[in-house]
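Novice: Structure supplied as data_23.cif; contents: mmCIF, C-alpha atoms.
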```cif
data_upload
#
loop_
_atom_site.label_atom_id
_atom_site.label_comp_id
_atom_site.auth_asym_id
_atom_site.auth_seq_id
_atom_site.Cartn_x
_atom_site.Cartn_y
_atom_site.Cartn_z
CA MET A 1 35.54 -18.52 2.61
CA VAL A 2 35.77 -20.76 5.65
CA THR A 3 33.41 -23.72 5.89
CA THR A 4 33.13 -26.70 8.22
CA ALA A 5 31.62 -30.18 8.02
CA ALA A 6 29.15 -29.24 10.75
CA ALA A 7 27.86 -26.35 8.67
CA ALA A 8 27.45 -28.57 5.62
CA HIS A 9 24.90 -30.67 7.51
CA LYS A 10 22.63 -27.67 8.15
CA PRO A 11 21.28 -26.83 4.66
CA GLN A 12 18.18 -25.16 6.10
CA GLN A 13 20.25 -22.32 7.57
CA GLN A 14 21.48 -19.28 5.69
CA GLN A 15 25.15 -20.03 5.29
CA THR A 16 26.05 -16.43 4.39
CA ARG A 17 24.54 -15.06 7.59
CA VAL A 18 26.73 -12.79 9.71
CA LEU A 19 26.38 -12.71 13.50
CA ILE A 20 27.33 -9.32 14.99
CA VAL A 21 27.79 -9.19 18.77
CA GLY A 22 28.28 -5.89 20.57
CA ASN A 23 26.22 -3.27 22.40
CA TYR A 24 24.69 -0.18 20.87
CA CYS A 25 25.84 3.02 22.55
CA HIS A 26 25.01 6.70 22.93
CA ASP A 27 28.00 8.71 21.67
CA VAL A 28 28.54 12.33 22.68
CA LEU A 29 31.19 14.24 20.71
CA ILE A 30 32.79 17.12 22.61
CA GLN A 31 35.32 19.74 21.56
CA ASP A 32 36.67 22.48 23.82
CA ASP A 33 34.10 21.54 26.50
CA THR A 34 31.25 22.11 24.02
CA VAL A 35 29.01 19.30 22.79
CA LYS A 36 29.24 19.19 19.00
CA ALA A 37 27.01 16.21 18.28
CA GLU A 38 25.15 13.28 19.77
CA SER A 39 24.87 10.05 17.80
CA LEU A 40 24.05 6.38 17.84
CA GLY A 41 27.35 4.63 18.54
CA GLY A 42 28.96 1.29 19.20
CA ALA A 43 30.90 -0.83 16.73
CA ALA A 44 27.79 -2.93 16.12
CA SER A 45 25.90 0.10 14.77
CA PHE A 46 28.64 1.06 12.32
CA ILE A 47 29.21 -2.51 11.17
CA SER A 48 25.51 -3.30 10.68
CA ASN A 49 25.19 -0.01 8.80
CA VAL A 50 27.76 -1.21 6.27
CA VAL A 51 26.49 -4.79 6.13
CA ASN A 52 22.95 -3.54 5.52
CA GLY A 53 24.20 -1.17 2.84
CA MET A 54 25.78 -4.13 1.06
CA SER A 55 22.55 -6.18 1.39
CA ILE A 56 24.17 -8.90 3.52
CA PRO A 57 21.72 -10.76 5.81
CA CYS A 58 22.80 -10.81 9.44
CA ASN A 59 21.79 -11.27 13.07
CA LEU A 60 22.76 -8.73 15.71
CA VAL A 61 22.91 -9.23 19.48
CA SER A 62 23.08 -6.02 21.47
CA LYS A 63 21.94 -4.83 24.89
CA VAL A 64 20.58 -1.40 25.82
CA GLY A 65 18.61 0.23 28.62
CA GLU A 66 15.06 1.58 28.45
CA ASP A 67 16.64 4.99 27.82
CA PHE A 68 17.87 3.91 24.34
CA LYS A 69 17.13 6.79 21.96
CA TYR A 70 17.44 5.61 18.38
CA PRO A 71 15.42 3.60 15.84
CA VAL A 72 17.53 0.69 14.56
CA ASP A 73 17.06 -2.12 12.07
CA TYR A 74 17.98 -4.85 14.57
CA THR A 75 16.02 -4.80 17.82
CA PRO A 76 18.32 -4.93 20.85
CA ILE A 77 17.74 -6.73 24.14
CA VAL A 78 16.34 -4.12 26.55
CA ILE A 79 17.56 -4.39 30.15
CA PRO A 80 15.07 -2.56 32.43
CA THR A 81 17.56 -2.39 35.32
CA SER A 82 20.38 -0.87 33.28
CA LYS A 83 21.04 2.23 31.20
CA THR A 84 22.44 2.24 27.67
CA THR A 85 26.23 2.40 27.38
CA VAL A 86 27.38 6.01 26.97
CA PHE A 87 30.71 7.30 25.67
CA HIS A 88 31.97 10.88 25.72
CA ALA A 89 34.59 11.50 23.03
CA TYR A 90 36.77 14.58 23.60
CA PHE A 91 38.52 15.93 20.51
CA ASP A 92 41.61 18.16 20.46
CA LEU A 93 41.40 18.66 24.19
CA GLY A 94 44.50 18.54 26.40
CA ILE A 95 43.14 16.17 29.03
CA HIS A 96 45.93 14.89 31.28
CA GLY A 97 48.53 15.94 28.74
CA ASN A 98 46.92 13.97 25.91
CA GLY A 99 46.16 16.93 23.69
CA HIS A 100 48.18 15.37 20.89
CA GLN A 101 45.68 12.52 20.51
CA ASP A 102 42.78 12.57 18.06
CA ARG A 103 40.39 11.95 20.92
CA VAL A 104 40.12 11.01 24.57
CA LEU A 105 37.32 8.51 25.13
CA LYS A 106 35.40 8.04 28.38
CA ARG A 107 32.77 5.44 29.21
CA VAL A 108 30.37 7.21 31.55
CA CYS A 109 27.73 4.48 31.67
CA ALA A 110 27.82 0.74 30.87
CA CYS A 111 24.97 -1.60 30.02
CA ASP A 112 25.00 -5.30 30.95
CA PRO A 113 27.49 -7.64 29.25
CA ILE A 114 26.38 -10.02 26.51
CA ARG A 115 26.32 -13.60 27.79
CA PRO A 116 26.45 -16.93 25.90
CA SER A 117 22.74 -17.48 26.58
CA ASP A 118 21.98 -14.25 24.68
CA LEU A 119 23.38 -15.65 21.42
CA PRO A 120 21.10 -17.34 18.85
CA ASP A 121 21.04 -21.12 18.75
CA VAL A 122 21.80 -21.26 15.01
CA ARG A 123 25.02 -21.61 13.10
CA SER A 124 26.55 -18.61 11.30
CA ASN A 125 29.23 -18.43 8.64
CA PHE A 126 30.88 -15.34 10.10
CA GLY A 127 30.78 -14.19 13.70
CA MET A 128 31.93 -10.71 14.70
CA ALA A 129 32.88 -9.99 18.31
CA VAL A 130 32.86 -6.19 18.35
CA GLY A 131 32.27 -4.97 21.89
CA VAL A 132 33.33 -1.45 22.85
CA GLY A 133 32.40 -1.14 26.51
CA GLY A 134 33.62 -4.42 27.99
CA GLU A 135 30.44 -6.31 27.08
CA ILE A 136 32.16 -9.28 25.41
CA LEU A 137 33.02 -11.90 28.05
CA PRO A 138 35.54 -14.74 27.48
CA GLU A 139 32.71 -17.27 27.72
CA THR A 140 30.73 -15.30 25.12
CA LEU A 141 33.60 -15.40 22.65
CA GLU A 142 33.99 -19.11 23.43
CA ARG A 143 30.35 -19.68 22.47
CA MET A 144 30.75 -17.65 19.28
CA ILE A 145 33.68 -19.86 18.28
CA GLU A 146 31.43 -22.89 18.77
CA ILE A 147 28.50 -21.65 16.66
CA CYS A 148 30.35 -19.76 13.88
CA ASN A 149 32.45 -21.17 11.08
CA SER A 150 34.91 -18.30 11.45
CA VAL A 151 35.07 -15.54 14.07
CA PHE A 152 36.37 -12.02 13.47
CA VAL A 153 37.37 -10.09 16.57
CA ASP A 154 38.04 -6.40 17.06
CA ILE A 155 40.85 -6.19 19.59
CA GLN A 156 39.11 -3.30 21.37
CA ALA A 157 36.60 -5.86 22.65
CA LEU A 158 39.46 -7.69 24.37
CA ILE A 159 41.93 -5.13 25.70
CA ARG A 160 39.87 -2.12 26.80
CA VAL A 161 39.66 -1.32 30.50
CA PHE A 162 38.00 1.68 32.10
CA ASP A 163 39.21 4.05 34.80
CA SER A 164 37.23 3.48 37.99
CA VAL A 165 36.92 7.23 38.65
CA ASP A 166 36.03 8.89 35.35
CA GLY A 167 35.72 5.99 32.88
CA THR A 168 38.68 6.97 30.67
CA VAL A 169 39.37 4.15 28.21
CA LYS A 170 42.76 2.50 28.69
CA LEU A 171 44.34 -0.48 26.98
CA VAL A 172 46.11 -3.52 28.45
CA LYS A 173 48.37 -6.08 26.79
CA LEU A 174 46.45 -8.80 25.00
CA GLU A 175 48.44 -11.55 26.70
CA GLU A 176 47.20 -10.26 30.09
CA THR A 177 43.54 -10.83 29.19
CA GLY A 178 41.36 -13.89 29.50
CA PHE A 179 41.04 -14.05 25.71
CA TYR A 180 44.66 -14.78 24.80
CA SER A 181 44.37 -18.58 24.75
CA MET A 182 41.50 -18.37 22.24
CA LEU A 183 43.53 -16.72 19.46
CA PRO A 184 44.35 -19.99 17.62
CA ARG A 185 40.60 -20.60 17.28
CA ILE A 186 39.59 -17.27 15.73
CA GLY A 187 39.85 -16.36 12.07
CA VAL A 188 40.87 -12.68 12.05
CA LEU A 189 41.95 -10.20 14.72
CA LYS A 190 41.55 -6.55 13.71
CA ALA A 191 43.38 -3.68 15.45
CA SER A 192 44.20 -0.04 14.83
CA SER A 193 47.88 0.91 14.66
CA GLU A 194 47.56 2.38 18.17
CA GLU A 195 46.06 -0.85 19.51
CA ALA A 196 48.51 -3.14 17.72
CA VAL A 197 51.34 -2.16 20.07
CA PHE A 198 49.44 -3.95 22.85
CA MET A 199 50.06 -7.33 21.23
CA ASP A 200 53.01 -9.16 19.71
CA VAL A 201 51.93 -9.15 16.08
CA GLU A 202 54.72 -11.53 15.07
CA GLU A 203 53.47 -14.07 17.61
CA VAL A 204 49.74 -13.62 17.04
CA ARG A 205 50.07 -13.94 13.24
CA LYS A 206 51.22 -17.55 13.78
CA TRP A 207 47.75 -18.38 15.12
CA CYS A 208 45.35 -16.18 13.16
CA CYS A 209 45.20 -13.49 10.50
CA VAL A 210 45.92 -10.01 11.88
CA VAL A 211 44.62 -6.86 10.14
CA VAL A 212 46.01 -3.53 11.32
CA THR A 213 44.28 -0.36 10.12
CA THR A 214 46.56 2.63 9.65
CA GLY A 215 44.16 5.48 8.97
CA LYS A 216 45.07 7.50 5.90
CA ASP A 217 47.65 4.84 4.97
CA GLY A 218 45.09 2.06 4.53
CA CYS A 219 45.73 -1.22 6.30
CA LYS A 220 48.18 -4.07 6.57
CA VAL A 221 47.30 -7.77 6.58
CA TYR A 222 49.51 -10.29 8.39
CA TRP A 223 49.22 -14.05 8.22
CA LYS A 224 51.53 -16.92 9.11
CA ASP A 225 53.40 -16.95 5.83
CA GLY A 226 53.31 -13.33 4.71
CA GLU A 227 52.07 -9.78 4.95
CA LEU A 228 50.52 -7.29 2.57
CA ARG A 229 49.78 -3.57 2.61
CA ILE A 230 46.42 -2.54 1.14
CA SER A 231 46.11 0.94 -0.34
CA PRO A 232 43.79 3.58 1.14
CA PHE A 233 41.16 5.86 -0.39
CA SER A 234 41.45 9.61 0.09
CA ALA A 235 39.03 11.28 2.50
CA ASN A 236 38.29 14.67 4.06
CA GLN A 237 38.11 13.73 7.72
CA GLU A 238 35.32 15.20 9.83
CA ASP A 239 35.09 12.57 12.58
CA PRO A 240 37.29 9.47 12.98
CA THR A 241 34.70 7.73 15.17
CA GLY A 242 33.69 4.35 13.75
CA ALA A 243 36.15 4.31 10.85
CA GLY A 244 37.73 1.04 12.00
CA ASP A 245 34.31 -0.46 12.62
CA SER A 246 33.12 0.44 9.13
CA PHE A 247 36.36 -1.01 7.76
CA LEU A 248 35.62 -4.31 9.49
CA GLY A 249 32.05 -4.27 8.20
CA GLY A 250 33.23 -3.75 4.63
CA PHE A 251 35.98 -6.34 5.01
CA VAL A 252 33.59 -9.05 6.17
CA ALA A 253 30.97 -8.03 3.57
CA GLY A 254 33.60 -8.65 0.90
CA LEU A 255 34.56 -12.05 2.31
CA VAL A 256 30.90 -13.10 2.58
CA GLN A 257 30.56 -12.45 -1.15
CA GLY A 258 33.60 -14.53 -1.99
CA LEU A 259 36.34 -11.94 -2.42
CA ALA A 260 39.97 -12.69 -1.63
CA VAL A 261 41.34 -11.05 1.53
CA PRO A 262 43.18 -8.23 -0.35
CA ASP A 263 40.06 -7.27 -2.31
CA ALA A 264 37.87 -7.49 0.81
CA ALA A 265 40.35 -5.23 2.63
CA LEU A 266 40.00 -2.69 -0.19
CA LEU A 267 36.25 -2.71 0.38
CA GLY A 268 36.92 -2.17 4.08
CA ASN A 269 39.21 0.78 3.35
CA LEU A 270 36.52 2.30 1.14
CA PHE A 271 33.87 2.23 3.88
CA GLY A 272 36.36 3.50 6.44
CA SER A 273 37.09 6.50 4.21
CA LEU A 274 33.37 7.18 3.70
CA THR A 275 32.75 7.06 7.45
CA VAL A 276 35.36 9.64 8.50
CA GLU A 277 33.77 12.17 6.13
CA GLN A 278 30.60 12.37 8.24
CA ILE A 279 29.92 13.10 11.90
CA GLY A 280 28.69 10.09 13.86
CA LEU A 281 26.98 7.18 12.13
CA PRO A 282 27.32 7.79 8.37
CA LYS A 283 24.51 7.72 5.84
CA PHE A 284 25.70 6.17 2.59
CA ASP A 285 24.40 7.48 -0.73
CA SER A 286 22.12 4.94 -2.42
CA ARG A 287 23.69 5.39 -5.86
CA LEU A 288 27.17 4.91 -4.45
CA LEU A 289 26.09 1.73 -2.65
CA GLN A 290 24.56 0.30 -5.82
CA ARG A 291 27.71 1.06 -7.79
CA VAL A 292 29.88 -0.58 -5.11
CA LYS A 293 27.65 -3.67 -5.07
CA ASP A 294 27.87 -3.87 -8.86
CA GLU A 295 31.68 -3.62 -8.73
CA VAL A 296 31.85 -6.31 -6.04
CA GLN A 297 29.62 -8.61 -8.09
CA THR A 298 31.78 -8.09 -11.17
CA ARG A 299 34.90 -8.75 -9.15
CA LYS A 300 33.36 -11.88 -7.64
CA MET A 301 32.63 -13.26 -11.10
CA GLN A 302 36.22 -12.58 -12.16
CA TYR A 303 37.50 -14.31 -9.06
CA LEU A 304 35.40 -17.43 -9.67
CA HIS A 305 37.64 -18.20 -12.64
CA CYS A 306 40.74 -18.31 -10.42
CA GLU A 307 41.99 -21.45 -8.75
CA ARG A 308 41.17 -21.33 -5.05
CA SER A 309 40.35 -23.43 -2.02
CA ASP A 310 36.87 -23.10 -0.55
CA ASN A 311 38.12 -24.08 2.91
CA GLU A 312 40.42 -21.19 3.68
CA LEU A 313 40.93 -17.47 3.14
CA GLU A 314 42.98 -16.44 0.11
CA PHE A 315 45.66 -13.92 1.08
CA LEU A 316 47.57 -13.23 -2.13
CA LYS A 317 46.47 -10.41 -4.42
CA PRO A 318 44.49 -11.88 -7.33
CA ALA A 319 44.97 -10.53 -10.83
CA GLY A 320 43.06 -7.29 -11.35
CA HIS A 321 43.39 -6.05 -7.75
CA GLU A 322 44.56 -2.59 -8.84
CA GLN A 323 41.72 -2.30 -11.33
CA PHE A 324 39.24 -3.19 -8.59
CA GLN A 325 40.72 -0.45 -6.42
CA ALA A 326 40.34 2.05 -9.27
CA SER A 327 36.72 0.99 -9.80
CA LEU A 328 35.89 1.50 -6.13
CA GLY A 329 37.64 4.86 -6.21
CA SER A 330 35.51 5.92 -9.15
CA ALA A 331 32.37 4.85 -7.30
CA LYS A 332 33.36 7.08 -4.38
CA LEU A 333 33.33 10.09 -6.71
CA ILE A 334 29.67 9.66 -7.68
CA PRO A 335 27.78 12.87 -6.73
CA PRO A 336 25.23 12.20 -3.96
CA CYS A 337 21.52 12.13 -4.75
CA SER A 338 19.92 15.52 -4.08
CA SER A 339 17.35 13.80 -1.85
CA GLN A 340 20.03 12.02 0.15
CA ALA A 341 20.24 13.22 3.75
CA ARG A 342 23.41 15.13 4.55
CA PRO A 343 25.72 14.57 7.52
CA TRP A 344 24.26 16.12 10.67
CA THR A 345 24.82 19.77 11.46
CA PRO A 346 22.68 22.11 13.60
CA SER A 347 21.40 23.88 10.48
CA ASN A 348 20.14 20.79 8.67
CA SER A 349 19.15 18.47 11.53
CA PRO A 350 15.34 19.00 11.14
CA LYS A 351 15.55 17.66 7.59
CA GLU A 352 17.11 14.31 8.53
CA THR A 353 15.23 11.11 7.75
CA GLU A 354 13.71 8.95 10.47
CA LYS A 355 16.56 6.45 10.41
CA THR A 356 19.25 9.07 10.97
CA PRO A 357 20.35 9.79 14.55
CA ILE A 358 18.92 13.21 15.47
CA PRO A 359 20.16 15.26 18.43
CA HIS A 360 17.37 15.96 20.93
CA TYR A 361 18.30 19.60 21.52
CA THR A 362 19.00 22.56 19.28
CA VAL A 363 21.35 24.63 21.43
CA GLN A 364 24.88 23.90 22.51
CA ALA A 365 25.60 23.36 26.20
CA LYS A 366 28.69 22.91 28.36
CA LEU A 367 29.43 19.46 29.73
CA LEU A 368 31.84 18.93 32.61
CA VAL A 369 34.88 16.80 31.84
CA ASN A 370 34.08 14.35 34.65
CA SER A 371 30.31 14.43 34.36
CA VAL A 372 28.30 11.23 34.63
CA TYR A 373 25.38 10.34 32.43
CA GLU A 374 22.00 11.64 33.51
CA GLU A 375 18.81 11.44 31.47
CA PRO A 376 18.49 13.50 29.44
CA ILE A 377 21.84 14.92 28.32
CA GLN A 378 21.39 18.60 27.52
CA THR A 379 23.21 18.68 24.19
CA VAL A 380 22.93 19.76 20.65
CA GLU A 381 33.20 8.21 17.44
CA GLY A 382 35.14 1.76 19.38
CA LYS A 383 37.81 4.15 16.83
CA PRO A 384 39.71 4.10 13.93
#
```
As a first step, turn the structure in this file into structure tokens.
Specialist:
Amino acid sequence: MVTTAAAAHKPQQQQTRVLIVGNYCHDVLIQDDTVKAESLGGAASFISNVVNGMSIPCNLVSKVGEDFKYPVDYTPIVIPTSKTTVFHAYFDLGIHGNGHQDRVLKRVCACDPIRPSDLPDVRSNFGMAVGVGGEILPETLERMIEICNSVFVDIQALIRVFDSVDGTVKLVKLEETGFYSMLPRIGVLKASSEEAVFMDVEEVRKWCCVVVTTGKDGCKVYWKDGELRISPFSANQEDPTGAGDSFLGGFVAGLVQGLAVPDAALLGNLFGSLTVEQIGLPKFDSRLLQRVKDEVQTRKMQYLHCERSDNELEFLKPAGHEQFQASLGSAKLIPPCSSQARPWTPSNSPKETEKTPIPHYTVQAKLLVNSVYEEPIQTVEGKP
């Protein structure tokens, strides 16, 4: 784990606290011009969902409009003059010849950006810059670097741009952004395999750790002196939305609890695999979460007996890595509690618990490809 002298002089603060920065969103999932689901979205929602599940204390800074629909554990900043960020995700639809892609994503409404003055005036061990709609400004990331011992950045917060006509999400090269000069000062940069081609991994790895998620193939970790592939967990994919976000949440949750980078990446892969098996924001089974926390605690105790430096991340696989993977895989096979809420479908939506995103309508409706957000959406997921 990364520590600094400045942090050591602040014993009154919770040194394991995670600061998550990114806006909540309204996600609308569309297939063949038909709305299939509506869900709470945004990388911050998926990450905080995992961090909460692992009982990690954190702060979250997010902005929404007065139209925000969902109950959340971390109260966002409400902007009366703005609407909540909205994304439409089109699946298996041949928009502009892109039918081969898993999804085409469009930002149809954007809330205000998060500014340095919105961040808490306390120090955090881990900061997470995880914007999805352009809400992370260079000066905001600069401030996070100042108040956090180590900052983890999702590259989508840095390289996404949005078509001025219909809001289609496009990507630009990292070196063309205002964030490029900050790379030597961040701890980890996370990207999907599709996003990784918009940076020079061999160059960036000289400055910070780079983690590239590769879907069903797990992930790969790059650092200055080496690289390592981390094995995946099998999953029956229902919705890829938020898989990369949940990975990052699990990854940081592992590091907070003292795991080496390879073991923390395994935990990230586990939560990514759990997320793709549900539509929208996943609901994790309580028994599974307890088993995972027990396995992480056991692994942490094993790792305490290894020689390590407290001032830097440990990249090499510690002894017992494969056994830890097997233990997490066994936890994933635990049958869900009968009282546990199921992933959303039209037939079971009335039975969802209060904390689960619930669509506001019970019938499907057509939505034009280039429609803009109007309140309400007549309906019945920042990314791998």
Novice: The PyMOL selection byres ((chain A and resi 244) around 7) - which residues does that actually catch in the file I just gave you? List them as an MDAnalysis selection string.
Specialist: chainID A and resid 213 242:243 245:248 272 383:384
Novice: Point out the residue among A:Val261, A:Cys25, A:Val204, A:Met144 with the least atom-to-atom distance to A:Phe46, counting only C-alpha atoms.
Specialist: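 Smallest separation from A:Phe46 among the options: A:Cys25.
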Novice: Taking the file as shown, what set of residues would the PyMOL selection byres ((chain A and resi 290) around 12) give back, as a compact mmCIF listing (two decimals) with C-alpha atoms, in the coordinates of the input?
Specialist:
```txt
# COMPACT_ATOMS: atom_id res chain seq x y z
CA GLY A 53 24.20 -1.17 2.84
CA MET A 54 25.78 -4.13 1.06
CA SER A 55 22.55 -6.18 1.39
CA PHE A 284 25.70 6.17 2.59
CA ASP A 285 24.40 7.48 -0.73
CA SER A 286 22.12 4.94 -2.42
CA ARG A 287 23.69 5.39 -5.86
CA LEU A 288 27.17 4.91 -4.45
CA LEU A 289 26.09 1.73 -2.65
CA ARG A 291 27.71 1.06 -7.79
CA VAL A 292 29.88 -0.58 -5.11
CA LYS A 293 27.65 -3.67 -5.07
CA ASP A 294 27.87 -3.87 -8.86
CA GLU A 295 31.68 -3.62 -8.73
CA VAL A 296 31.85 -6.31 -6.04
CA GLN A 297 29.62 -8.61 -8.09
CA LEU A 328 35.89 1.50 -6.13
CA ALA A 331 32.37 4.85 -7.30
CA LYS A 332 33.36 7.08 -4.38
CA ILE A 334 29.67 9.66 -7.68
```
Novice: Evaluate the PyMOL selection byres ((chain A and resi 158-165) around 8) on the structure here and hand back the selected residues as a PyMOL selection string.
Specialist: chain A and resi 106-107+132-134+136+154-157+166-174+177+179
Novice: Contacts of A:Asn236 at 9 Å or less, counting all atoms listed in the file, minus same-chain residues fewer than 5 places along, as a ChimeraX atom specification?
Specialist: /A:273-274,276-277
Novice: Need to verify the contact set: A:Val211, 9 Å, all atoms listed in the file, exclusion of same-chain residues closer than 3 positions in sequence. Can you return it as a PyMOL selection string?
Specialist: chain A and resi 188-192+219-223+265
Novice: Interatomic distance between atom CA of A:Glu176 and atom CA of A:Cys209?
Specialist: 20.0 Å
Novice: Can you work out the spacing between atom CA of A:Thr75 and atom CA of A:Leu270 in Å, to one decimal?
Specialist: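 Calculated distance between atom CA of A:Thr75 and atom CA of A:Leu270 is 27.4 Å.
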Novice: Which residues are close to A:Gly226, i.e. within 12 Å by all atoms listed in the file, leaving aside same-chain residues fewer than 2 positions away? Reply as an MDAnalysis selection string.
Specialist: chainID A and resid 202 205:206 208:210 220:224 228:229 314:317
Novice: Go ahead and save the residues from that selection, with C-alpha atoms, as a PDB file, in the coordinates of the input.
Specialist:
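So the final result, stored in selection_14.pdb, reads:
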```
ATOM      1  CA  GLU A 202      54.720 -11.530  15.070  1.00  0.00           C
ATOM      2  CA  ARG A 205      50.070 -13.940  13.240  1.00  0.00           C
ATOM      3  CA  LYS A 206      51.220 -17.550  13.780  1.00  0.00           C
ATOM      4  CA  CYS A 208      45.350 -16.180  13.160  1.00  0.00           C
ATOM      5  CA  CYS A 209      45.200 -13.490  10.500  1.00  0.00           C
ATOM      6  CA  VAL A 210      45.920 -10.010  11.880  1.00  0.00           C
ATOM      7  CA  LYS A 220      48.180  -4.070   6.570  1.00  0.00           C
ATOM      8  CA  VAL A 221      47.300  -7.770   6.580  1.00  0.00           C
ATOM      9  CA  TYR A 222      49.510 -10.290   8.390  1.00  0.00           C
ATOM     10  CA  TRP A 223      49.220 -14.050   8.220  1.00  0.00           C
ATOM     11  CA  LYS A 224      51.530 -16.920   9.110  1.00  0.00           C
ATOM     12  CA  LEU A 228      50.520  -7.290   2.570  1.00  0.00           C
ATOM     13  CA  ARG A 229      49.780  -3.570   2.610  1.00  0.00           C
ATOM     14  CA  GLU A 314      42.980 -16.440   0.110  1.00  0.00           C
ATOM     15  CA  PHE A 315      45.660 -13.920   1.080  1.00  0.00           C
ATOM     16  CA  LEU A 316      47.570 -13.230  -2.130  1.00  0.00           C
ATOM     17  CA  LYS A 317      46.470 -10.410  -4.420  1.00  0.00           C
TER      18      LYS A 317
END
```
Novice: Please, what distance in Å, to one decimal, runs between atom CA of A:Pro138 and atom CA of A:Leu281?
Specialist: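 Interatomic distance, atom CA of A:Pro138 to atom CA of A:Leu281: 28.1 Å.
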